[in-house]
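File shown: model_5.cif (mmCIF, C-alpha atoms).
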```cif
data_entry
loop_
_atom_site.group_PDB
_atom_site.id
_atom_site.type_symbol
_atom_site.label_atom_id
_atom_site.label_comp_id
_atom_site.auth_asym_id
_atom_site.auth_seq_id
_atom_site.Cartn_x
_atom_site.Cartn_y
_atom_site.Cartn_z
ATOM 1 C CA MET X 25 -6.282 -14.409 -9.650
ATOM 2 C CA SER X 26 -4.390 -12.329 -7.102
ATOM 3 C CA ILE X 27 -6.268 -9.651 -5.223
ATOM 4 C CA THR X 28 -5.193 -6.040 -5.433
ATOM 5 C CA ARG X 29 -3.654 -3.984 -2.648
ATOM 6 C CA TYR X 30 -6.875 -2.026 -2.472
ATOM 7 C CA GLU X 31 -8.895 -5.194 -1.888
ATOM 8 C CA GLN X 32 -6.379 -6.383 0.692
ATOM 9 C CA MET X 33 -6.575 -3.153 2.655
ATOM 10 C CA TRP X 34 -10.339 -3.096 2.376
ATOM 11 C CA HIS X 35 -10.349 -6.532 3.993
ATOM 12 C CA SER X 36 -8.269 -5.120 6.874
ATOM 13 C CA LEU X 37 -10.739 -2.259 7.286
ATOM 14 C CA ARG X 38 -13.419 -4.704 8.364
ATOM 15 C CA ASP X 39 -11.609 -4.663 11.720
ATOM 16 C CA PRO X 40 -12.778 -1.528 13.604
ATOM 17 C CA GLU X 41 -9.445 -1.324 15.440
ATOM 18 C CA PHE X 42 -7.574 -1.138 12.126
ATOM 19 C CA ARG X 43 -9.912 1.616 10.915
ATOM 20 C CA LYS X 44 -9.127 3.684 14.014
ATOM 21 C CA GLN X 45 -5.399 3.088 13.590
ATOM 22 C CA LEU X 46 -5.509 4.016 9.910
ATOM 23 C CA ILE X 47 -7.101 7.393 10.649
ATOM 24 C CA ASP X 48 -4.297 8.144 13.119
ATOM 25 C CA GLU X 49 -1.470 6.827 10.987
ATOM 26 C CA HIS X 50 -2.671 8.557 7.842
ATOM 27 C CA ILE X 51 -2.100 11.827 9.696
ATOM 28 C CA ASN X 52 1.013 10.776 11.622
ATOM 29 C CA VAL X 53 2.929 9.231 8.740
ATOM 30 C CA GLY X 54 1.534 11.411 5.968
ATOM 31 C CA ILE X 55 2.211 14.748 7.646
ATOM 32 C CA ALA X 56 5.703 13.720 8.812
ATOM 33 C CA PHE X 57 6.699 12.700 5.281
ATOM 34 C CA GLN X 58 5.113 15.818 3.791
ATOM 35 C CA ILE X 59 6.963 18.208 6.085
ATOM 36 C CA ARG X 60 10.258 16.487 5.278
ATOM 37 C CA GLY X 61 9.417 16.346 1.569
ATOM 38 C CA LEU X 62 8.281 19.970 1.326
ATOM 39 C CA ARG X 63 11.327 21.142 3.227
ATOM 40 C CA ASP X 64 13.587 19.252 0.820
ATOM 41 C CA ARG X 65 11.731 20.512 -2.251
ATOM 42 C CA GLN X 66 11.997 24.093 -1.058
ATOM 43 C CA LYS X 67 15.631 23.583 -0.009
ATOM 44 C CA LEU X 68 15.030 24.573 3.590
ATOM 45 C CA ARG X 69 16.974 23.331 6.567
ATOM 46 C CA GLN X 70 15.067 22.427 9.721
ATOM 47 C CA LYS X 71 16.513 25.604 11.202
ATOM 48 C CA ASP X 72 15.088 27.709 8.333
ATOM 49 C CA LEU X 73 11.603 26.269 8.728
ATOM 50 C CA ALA X 74 11.802 26.742 12.492
ATOM 51 C CA GLN X 75 12.619 30.421 11.956
ATOM 52 C CA ARG X 76 9.697 30.878 9.576
ATOM 53 C CA LEU X 77 7.363 29.395 12.168
ATOM 54 C CA SER X 78 9.013 30.981 15.212
ATOM 55 C CA VAL X 79 9.717 27.626 16.869
ATOM 56 C CA GLU X 80 12.870 25.770 17.878
ATOM 57 C CA GLN X 81 14.604 23.406 15.424
ATOM 58 C CA PRO X 82 14.097 20.262 17.600
ATOM 59 C CA LEU X 83 10.341 20.732 17.253
ATOM 60 C CA VAL X 84 10.662 20.627 13.461
ATOM 61 C CA SER X 85 12.682 17.435 13.867
ATOM 62 C CA ALA X 86 9.878 15.976 16.020
ATOM 63 C CA TRP X 87 7.247 16.971 13.445
ATOM 64 C CA GLU X 88 9.159 14.990 10.820
ATOM 65 C CA ASN X 89 9.041 11.837 12.938
ATOM 66 C CA PRO X 90 6.128 9.565 11.936
ATOM 67 C CA ASN X 91 5.753 8.535 15.572
ATOM 68 C CA TYR X 92 5.072 12.143 16.698
ATOM 69 C CA GLY X 93 1.391 12.509 15.786
ATOM 70 C CA ASN X 94 0.592 15.511 17.964
ATOM 71 C CA TYR X 95 -0.097 18.203 15.365
ATOM 72 C CA SER X 96 -2.690 20.871 16.053
ATOM 73 C CA LEU X 97 -4.820 22.314 13.286
ATOM 74 C CA ASN X 98 -3.305 25.735 13.923
ATOM 75 C CA THR X 99 0.197 24.327 13.497
ATOM 76 C CA LEU X 100 -0.814 22.710 10.215
ATOM 77 C CA LYS X 101 -2.341 25.974 8.988
ATOM 78 C CA ASP X 102 0.841 27.848 9.893
ATOM 79 C CA MET X 103 2.928 25.254 8.083
ATOM 80 C CA ALA X 104 0.782 25.516 4.959
ATOM 81 C CA LYS X 105 1.361 29.269 4.979
ATOM 82 C CA ALA X 106 5.092 28.814 5.562
ATOM 83 C CA PHE X 107 5.366 26.408 2.618
ATOM 84 C CA ASP X 108 2.825 28.391 0.535
ATOM 85 C CA VAL X 109 0.794 25.282 -0.250
ATOM 86 C CA GLY X 110 -2.852 24.446 0.324
ATOM 87 C CA LEU X 111 -4.168 22.382 3.208
ATOM 88 C CA LEU X 112 -7.139 20.031 3.059
ATOM 89 C CA VAL X 113 -8.743 18.755 6.262
ATOM 90 C CA ARG X 114 -11.968 16.968 5.542
ATOM 91 C CA PHE X 115 -13.976 13.868 6.355
ATOM 92 C CA VAL X 116 -13.937 11.267 3.607
ATOM 93 C CA PRO X 117 -15.170 7.738 2.998
ATOM 94 C CA PHE X 118 -12.647 5.022 3.837
ATOM 95 C CA SER X 119 -12.378 4.164 0.139
ATOM 96 C CA THR X 120 -10.824 7.588 -0.450
ATOM 97 C CA LEU X 121 -8.450 7.115 2.476
ATOM 98 C CA VAL X 122 -7.310 3.773 1.072
ATOM 99 C CA ASN X 123 -6.735 5.261 -2.370
ATOM 100 C CA TRP X 124 -4.694 8.088 -0.902
ATOM 101 C CA THR X 125 -2.711 5.615 1.197
ATOM 102 C CA LEU X 126 -1.832 3.292 -1.643
ATOM 103 C CA ASN X 127 -1.147 5.846 -4.373
ATOM 104 C CA VAL X 128 1.708 7.857 -2.968
ATOM 105 C CA THR X 129 3.980 9.623 -5.451
ATOM 106 C CA PRO X 130 6.767 12.176 -4.945
ATOM 107 C CA ASN X 131 4.338 14.953 -5.944
ATOM 108 C CA VAL X 132 1.893 13.826 -3.290
ATOM 109 C CA ILE X 133 4.626 13.858 -0.654
ATOM 110 C CA ALA X 134 5.952 17.261 -1.686
ATOM 111 C CA PRO X 135 3.425 19.226 -3.735
ATOM 112 C CA PRO X 136 4.467 22.362 -5.634
ATOM 113 C CA ASN X 137 3.938 25.662 -3.885
ATOM 114 C CA PHE X 138 1.946 28.538 -5.388
ATOM 115 C CA ASP X 139 4.858 29.981 -7.356
ATOM 116 C CA GLU X 140 5.667 26.635 -8.924
ATOM 117 C CA GLU X 141 2.044 26.186 -9.931
ATOM 118 C CA GLU X 142 1.895 29.719 -11.292
ATOM 119 C CA ARG X 143 5.067 29.307 -13.337
ATOM 120 C CA PRO X 144 5.398 25.577 -14.051
ATOM 121 C CA ALA X 145 8.648 24.285 -15.504
ATOM 122 C CA VAL X 146 6.642 22.074 -17.866
ATOM 123 C CA PRO X 147 3.261 22.878 -19.422
ATOM 124 C CA LEU X 148 0.302 22.004 -17.210
ATOM 125 C CA PRO X 149 -2.269 19.460 -18.381
ATOM 126 C CA PRO X 150 -5.582 20.630 -19.878
ATOM 127 C CA LEU X 151 -8.287 22.095 -17.668
ATOM 128 C CA ILE X 152 -10.133 19.602 -15.493
ATOM 129 C CA THR X 153 -13.494 21.056 -14.604
ATOM 130 C CA SER X 154 -14.404 18.588 -11.879
ATOM 131 C CA PRO X 155 -12.310 16.803 -9.280
ATOM 132 C CA VAL X 156 -10.882 13.509 -10.412
ATOM 133 C CA THR X 157 -11.318 10.909 -7.740
ATOM 134 C CA GLY X 158 -9.408 7.699 -7.434
ATOM 135 C CA THR X 159 -5.844 8.551 -6.613
ATOM 136 C CA ALA X 160 -4.230 11.122 -4.413
ATOM 137 C CA ASP X 161 -2.154 12.349 -7.316
ATOM 138 C CA THR X 162 -5.105 13.081 -9.553
ATOM 139 C CA ASP X 163 -7.485 14.424 -6.951
ATOM 140 C CA VAL X 164 -6.748 18.011 -7.906
ATOM 141 C CA TYR X 165 -8.308 20.952 -9.606
ATOM 142 C CA ARG X 166 -6.408 22.793 -12.303
ATOM 143 C CA LEU X 167 -7.306 26.441 -12.497
ATOM 144 C CA GLN X 168 -4.741 27.734 -14.958
ATOM 145 C CA SER X 169 -7.091 27.716 -17.919
ATOM 146 C CA ILE X 170 -9.776 29.836 -16.287
ATOM 147 C CA ASP X 171 -10.011 33.215 -18.031
ATOM 148 C CA VAL X 172 -9.408 35.853 -15.388
ATOM 149 C CA SER X 173 -8.770 38.708 -17.813
ATOM 150 C CA VAL X 174 -10.199 42.146 -17.086
ATOM 151 C CA PRO X 175 -13.698 42.515 -18.594
ATOM 152 C CA SER X 176 -13.905 44.612 -21.723
ATOM 153 C CA THR X 177 -15.589 48.016 -21.698
ATOM 154 C CA ALA X 178 -18.599 46.536 -23.475
ATOM 155 C CA GLU X 179 -18.854 43.811 -20.802
ATOM 156 C CA LYS X 180 -18.681 46.440 -18.028
ATOM 157 C CA GLU X 181 -21.377 48.485 -19.686
ATOM 158 C CA TYR X 182 -23.534 45.394 -20.071
ATOM 159 C CA ALA X 183 -23.017 44.565 -16.396
ATOM 160 C CA HIS X 184 -24.102 48.023 -15.312
ATOM 161 C CA ALA X 185 -27.092 48.172 -17.642
ATOM 162 C CA MET M 10 3.842 5.760 -12.017
ATOM 163 C CA ALA M 11 6.053 2.838 -11.061
ATOM 164 C CA ASN M 12 7.314 2.595 -7.525
ATOM 165 C CA GLU M 13 10.960 3.139 -6.755
ATOM 166 C CA PHE M 14 10.859 0.118 -4.432
ATOM 167 C CA THR M 15 8.686 -2.921 -3.731
ATOM 168 C CA PHE M 16 8.257 -4.696 -0.415
ATOM 169 C CA TYR M 17 8.057 -8.491 -0.377
ATOM 170 C CA ASP M 18 6.971 -10.783 2.468
ATOM 171 C CA TYR M 19 8.650 -14.070 3.334
ATOM 172 C CA ILE M 20 6.527 -17.155 2.746
ATOM 173 C CA ASP M 21 7.276 -20.176 4.899
ATOM 174 C CA ALA M 22 7.013 -22.466 1.890
ATOM 175 C CA ASP M 23 8.919 -25.325 3.540
ATOM 176 C CA GLY M 24 6.647 -25.210 6.579
ATOM 177 C CA ASP M 25 2.945 -24.497 6.621
ATOM 178 C CA GLY M 26 3.060 -22.008 3.738
ATOM 179 C CA THR M 27 2.088 -18.980 5.806
ATOM 180 C CA ASN M 28 3.095 -15.430 5.072
ATOM 181 C CA VAL M 29 5.135 -14.853 8.238
ATOM 182 C CA ILE M 30 4.953 -11.059 8.014
ATOM 183 C CA SER M 31 1.231 -10.896 7.420
ATOM 184 C CA SER M 32 0.497 -13.400 10.176
ATOM 185 C CA TRP M 33 2.516 -11.354 12.678
ATOM 186 C CA LEU M 34 0.813 -8.110 11.636
ATOM 187 C CA ASN M 35 -2.534 -9.753 12.289
ATOM 188 C CA GLY M 36 -1.395 -11.224 15.581
ATOM 189 C CA GLU M 37 1.231 -9.911 17.968
ATOM 190 C CA GLY M 38 1.998 -6.912 15.751
ATOM 191 C CA ARG M 39 -1.607 -5.831 15.207
ATOM 192 C CA HIS M 40 -1.231 -2.574 17.170
ATOM 193 C CA ALA M 41 1.371 -1.459 14.624
ATOM 194 C CA LYS M 42 -0.340 -2.860 11.528
ATOM 195 C CA ALA M 43 -1.800 0.405 10.212
ATOM 196 C CA TYR M 44 1.487 2.227 10.774
ATOM 197 C CA PHE M 45 3.375 -0.261 8.626
ATOM 198 C CA ALA M 46 0.580 -0.214 6.033
ATOM 199 C CA MET M 47 0.974 3.561 5.817
ATOM 200 C CA ILE M 48 4.729 3.874 5.823
ATOM 201 C CA MET M 49 5.472 1.228 3.196
ATOM 202 C CA PRO M 50 3.832 3.077 0.273
ATOM 203 C CA TYR M 51 5.734 6.221 1.297
ATOM 204 C CA LEU M 52 9.035 4.346 1.377
ATOM 205 C CA GLU M 53 8.232 2.645 -1.928
ATOM 206 C CA ALA M 54 7.829 6.091 -3.493
ATOM 207 C CA SER M 55 11.013 7.494 -1.957
ATOM 208 C CA SER M 56 14.255 8.182 -3.773
ATOM 209 C CA PRO M 57 16.974 5.591 -3.164
ATOM 210 C CA PRO M 58 19.595 6.045 -0.439
ATOM 211 C CA GLY M 59 22.254 8.519 -1.465
ATOM 212 C CA PHE M 60 19.783 11.009 -2.895
ATOM 213 C CA HIS M 61 19.306 14.225 -0.960
ATOM 214 C CA ASP M 62 15.575 13.622 -0.484
ATOM 215 C CA THR M 63 15.698 9.915 0.352
ATOM 216 C CA SER M 64 13.523 8.635 3.192
ATOM 217 C CA TRP M 65 15.590 5.485 3.572
ATOM 218 C CA LYS M 66 17.056 6.809 6.780
ATOM 219 C CA GLU M 67 15.972 7.582 10.321
ATOM 220 C CA PRO M 68 13.346 8.158 11.557
ATOM 221 C CA TYR M 69 11.579 6.404 8.661
ATOM 222 C CA ALA M 70 13.850 3.374 8.251
ATOM 223 C CA LYS M 71 16.927 2.444 10.204
ATOM 224 C CA LEU M 72 19.983 0.709 8.827
ATOM 225 C CA MET M 73 21.060 -1.686 11.544
ATOM 226 C CA LYS M 74 24.703 -1.468 12.563
ATOM 227 C CA ASN M 75 27.020 -1.166 15.535
ATOM 228 C CA LYS M 76 24.691 -1.846 18.467
ATOM 229 C CA ARG M 77 23.319 -5.146 17.262
ATOM 230 C CA GLU M 78 26.302 -6.374 15.292
ATOM 231 C CA ARG M 79 24.679 -9.651 14.328
ATOM 232 C CA TRP M 80 21.942 -7.795 12.447
ATOM 233 C CA LYS M 81 24.361 -5.559 10.572
ATOM 234 C CA GLY M 82 23.167 -4.784 7.049
ATOM 235 C CA PHE M 83 19.479 -5.301 7.764
ATOM 236 C CA ILE M 84 17.003 -2.466 7.854
ATOM 237 C CA GLU M 85 14.352 -1.912 10.476
ATOM 238 C CA LEU M 86 10.983 -0.219 10.274
ATOM 239 C CA ARG M 87 10.032 0.877 13.783
ATOM 240 C CA LYS M 88 6.848 1.757 15.530
ATOM 241 C CA GLU M 89 6.086 2.425 19.170
ATOM 242 C CA ALA M 90 2.554 1.651 20.288
ATOM 243 C CA ARG M 91 1.271 1.148 23.822
ATOM 244 C CA ASN M 92 4.825 1.299 25.198
ATOM 245 C CA VAL M 93 6.022 -1.516 22.971
ATOM 246 C CA GLN M 94 8.535 -1.064 20.143
ATOM 247 C CA TYR M 95 7.448 -3.054 17.099
ATOM 248 C CA ARG M 96 9.967 -3.905 14.390
ATOM 249 C CA LEU M 97 9.818 -5.231 10.858
ATOM 250 C CA ILE M 98 13.207 -6.395 9.678
ATOM 251 C CA GLY M 99 14.237 -6.668 6.066
ATOM 252 C CA GLN M 100 17.058 -6.657 3.616
ATOM 253 C CA LYS M 101 17.220 -4.296 0.693
ATOM 254 C CA GLU M 102 18.714 -5.340 -2.629
ATOM 255 C CA GLY M 103 18.337 -3.133 -5.660
ATOM 256 C CA ARG M 104 14.716 -1.986 -5.787
ATOM 257 C CA SER M 105 13.422 -4.866 -3.663
ATOM 258 C CA VAL M 106 12.978 -4.985 0.096
ATOM 259 C CA PHE M 107 12.714 -8.482 1.521
ATOM 260 C CA LEU M 108 10.847 -8.568 4.811
ATOM 261 C CA VAL M 109 12.183 -11.614 6.579
ATOM 262 C CA ALA M 110 11.635 -11.183 10.291
ATOM 263 C CA HIS M 111 9.864 -9.221 12.972
ATOM 264 C CA GLY M 112 10.691 -8.197 16.468
ATOM 265 C CA ILE M 113 9.632 -6.493 19.618
ATOM 266 C CA HIS M 114 11.802 -4.246 21.724
ATOM 267 C CA LYS M 115 10.529 -3.969 25.250
ATOM 268 C CA GLY M 116 12.734 -2.435 27.908
ATOM 269 C CA GLN M 117 16.232 -3.793 27.371
ATOM 270 C CA ASN M 118 15.061 -6.900 25.533
ATOM 271 C CA TYR M 119 15.144 -7.143 21.776
ATOM 272 C CA VAL M 120 13.205 -10.226 20.785
ATOM 273 C CA THR M 121 12.971 -11.407 17.198
ATOM 274 C CA ASP M 122 11.152 -14.387 15.748
ATOM 275 C CA VAL M 123 14.293 -15.786 14.105
ATOM 276 C CA SER M 124 18.061 -15.522 14.425
ATOM 277 C CA PRO M 125 20.051 -13.272 12.077
ATOM 278 C CA GLN M 126 21.362 -16.429 10.350
ATOM 279 C CA THR M 127 17.832 -17.592 9.624
ATOM 280 C CA ALA M 128 16.883 -14.114 8.433
ATOM 281 C CA LEU M 129 19.837 -14.127 6.052
ATOM 282 C CA ARG M 130 18.861 -17.566 4.779
ATOM 283 C CA ARG M 131 15.309 -16.374 4.217
ATOM 284 C CA ALA M 132 16.514 -13.375 2.223
ATOM 285 C CA GLU M 133 18.636 -15.676 0.047
ATOM 286 C CA GLN M 134 15.655 -17.966 -0.519
ATOM 287 C CA MET M 135 13.534 -14.993 -1.583
ATOM 288 C CA LYS M 136 16.198 -13.876 -4.059
ATOM 289 C CA ASN M 137 16.930 -17.341 -5.458
ATOM 290 C CA ASN M 138 13.417 -18.730 -5.634
ATOM 291 C CA PRO M 139 10.987 -15.823 -5.691
ATOM 292 C CA ALA M 140 8.005 -17.830 -6.910
ATOM 293 C CA LYS M 141 8.243 -20.091 -3.877
ATOM 294 C CA TYR M 142 9.429 -17.888 -1.040
ATOM 295 C CA ARG M 143 8.180 -14.390 -1.604
ATOM 296 C CA ARG M 144 4.964 -12.500 -2.208
ATOM 297 C CA GLU M 145 4.435 -8.792 -2.714
ATOM 298 C CA HIS M 146 3.634 -7.314 0.684
ATOM 299 C CA GLU M 147 0.061 -8.092 1.642
ATOM 300 C CA TYR M 148 -2.096 -5.408 3.231
ATOM 301 C CA ASN M 149 -4.780 -7.744 4.586
#
```
Reformat the file's structure so that it appears as structure tokens.
Amino acid sequence: MSITRYEQMWHSLRDPEFRKQLIDEHINVGIAFQIRGLRDRQKLRQKDLAQRLSVEQPLVSAWENPNYGNYSLNTLKDMAKAFDVGLLVRFVPFSTLVNWTLNVTPNVIAPPNFDEEERPAVPLPPLITSPVTGTADTDVYRLQSIDVSVPSTAEKEYAHA
Amino acid sequence: MANEFTFYDYIDADGDGTNVISSWLNGEGRHAKAYFAMIMPYLEASSPPGFHDTSWKEPYAKLMKNKRERWKGFIELRKEARNVQYRLIGQKEGRSVFLVAHGIHKGQNYVTDVSPQTALRRAEQMKNNPAKYRREHEYN
């Protein structure tokens, strides 16, 4: 029986040097691809993104190079605002990192921005009340089914009682 | 969701049966191993060349031409680590990418493990006899 990619990468993780490299490369490669992918999805030229972030175009070009790897947290926060997408920076077990590494899809590379989520071209899936773990593509919360309507008069009165 | 592309490693089936790509990544190429492990799934998910959003172009993958004429038509995945340029060299056909050689570029020297002729022969072997000469890229 052949072993899965996950099992293969887990084997590599037993080497501490590989674990260190993977942390770096997950950021270096992942962010570079995401900037390029988000820019394409939002039909922005490097020049347009540079203007939004008040930087020069060659810096955007450098950010899109997977060998760059010199992003600051502030830069990433500014980029998230410029693209109008969320940003997650968190510590995770290596199993999560491996799953994210091996389950890349176009939507992971270039996620929809807020407007696209608010007005999806196709109907969104049913409400998921807890995070789905396992793949990068499914590790999301869907909030569209939460009732955010204004409380009725009776509800307001009850609240103030 | 199915990948757009799949990477395959060359197996030295007529020699000692080793996976030549995997052995290099665990030996001389170990400082670039995680980089290649990261970039391959991204390239596998990318649109094919010709599409506006394809990643099958620089700086993610380089189509070899002009400068190193003998390697024309191959693609290179490149990583710099500790002042050494690591290369994985392959040939793309349809939705398959056949990794057939590796190299190091240090200073002016571009050193590969095999000649372009051998690399071409390996790619042909992988296409003509996949059960014997190729294995889906191994991440261990």
Please provide as a list in words all residues within 10 Å of Lys136 (chain M), with the sequence filter that same-chain residues fewer than 5 positions apart are discarded (counting all atoms listed in the file). Glu102, Ser105, Phe107, Arg130, Arg131, Tyr142 and Arg143 of chain M
Which value, in Å to one decimal, gives the distance between CA of Asn28 (chain M) and CA of Ser26 (chain X)?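 Pair CA of Asn28 (chain M) / CA of Ser26 (chain X) returns 14.6 Å.
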Please write the residues picked by the PyMOL selection byres ((chain X) within 7 of (chain M)) on this file as JSON, numbers by chain. {"X": [29, 32, 33, 35, 36, 42, 45, 46, 49, 50, 53, 64, 89, 91, 125, 126, 128, 129, 130]}
Taking the file as shown, what set of residues would the PyMOL selection byres ((chain M and resi 22-25) around 7) give back, as number ranges by chain? M: 20-21, 26-27, 141-142
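Put simply, the PyMOL selection byres ((chain M and resi 125) around 9) on this file hits Arg79, Trp80, Lys81, Ala110, Thr121, Val123, Ser124, Gln126, Thr127, Ala128, Leu129 and Arg130 of chain M.
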Coordinates-based distance that separates CA of Gly99 (chain M) from CA of Tyr119 (chain M) (Å, one decimal): 15.7 Å
Length of the CA of Val109 (chain X) to CA of Thr15 (chain M) vector [Å]: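 It comes out at 29.5 Å.
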I'd like the contact shell of Leu72 (chain M) - 10 Å cut-off, only C-alpha atoms, skipping same-chain residues fewer than 3 positions apart - returned as a ChimeraX atom specification. /M:65-67,75,80-86,98-101
Within 8 Å of Ile30 (chain M), counting all atoms listed in the file, which residues show up once you throw out same-chain ones fewer than 4 positions away? Write them as a list in words, please. Asp18, Tyr19, Leu34, Leu108, Val109, Ala110 and His111 of chain M
List the residues sitting within 10 Å of (2.7, 13.7, -3.4) in the file's frame, using all atoms listed in the file, as a list of chain:residue names. X:Gly54, X:Phe57, X:Gln58, X:Gly61, X:Leu62, X:Trp124, X:Asn127, X:Val128, X:Thr129, X:Pro130, X:Asn131, X:Val132, X:Ile133, X:Ala134, X:Pro135, X:Pro136, X:Ala160, X:Asp161, X:Thr162, M:Tyr51, M:Ala54
With only C-alpha atoms as the counted atoms, please give the residues lying no more than 12 Å from Tyr95 (chain X), apart from itself and same-chain residues fewer than 3 positions off, as a PyMOL selection string. chain X and resi 48+51-56+59+83-84+86-92+98-103
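Closest approach to Glu37 (chain M) from the set M:Pro57, M:Lys74, M:Arg96, M:Tyr17 is made by M:Arg96, with distances taken over all atoms listed in the file.
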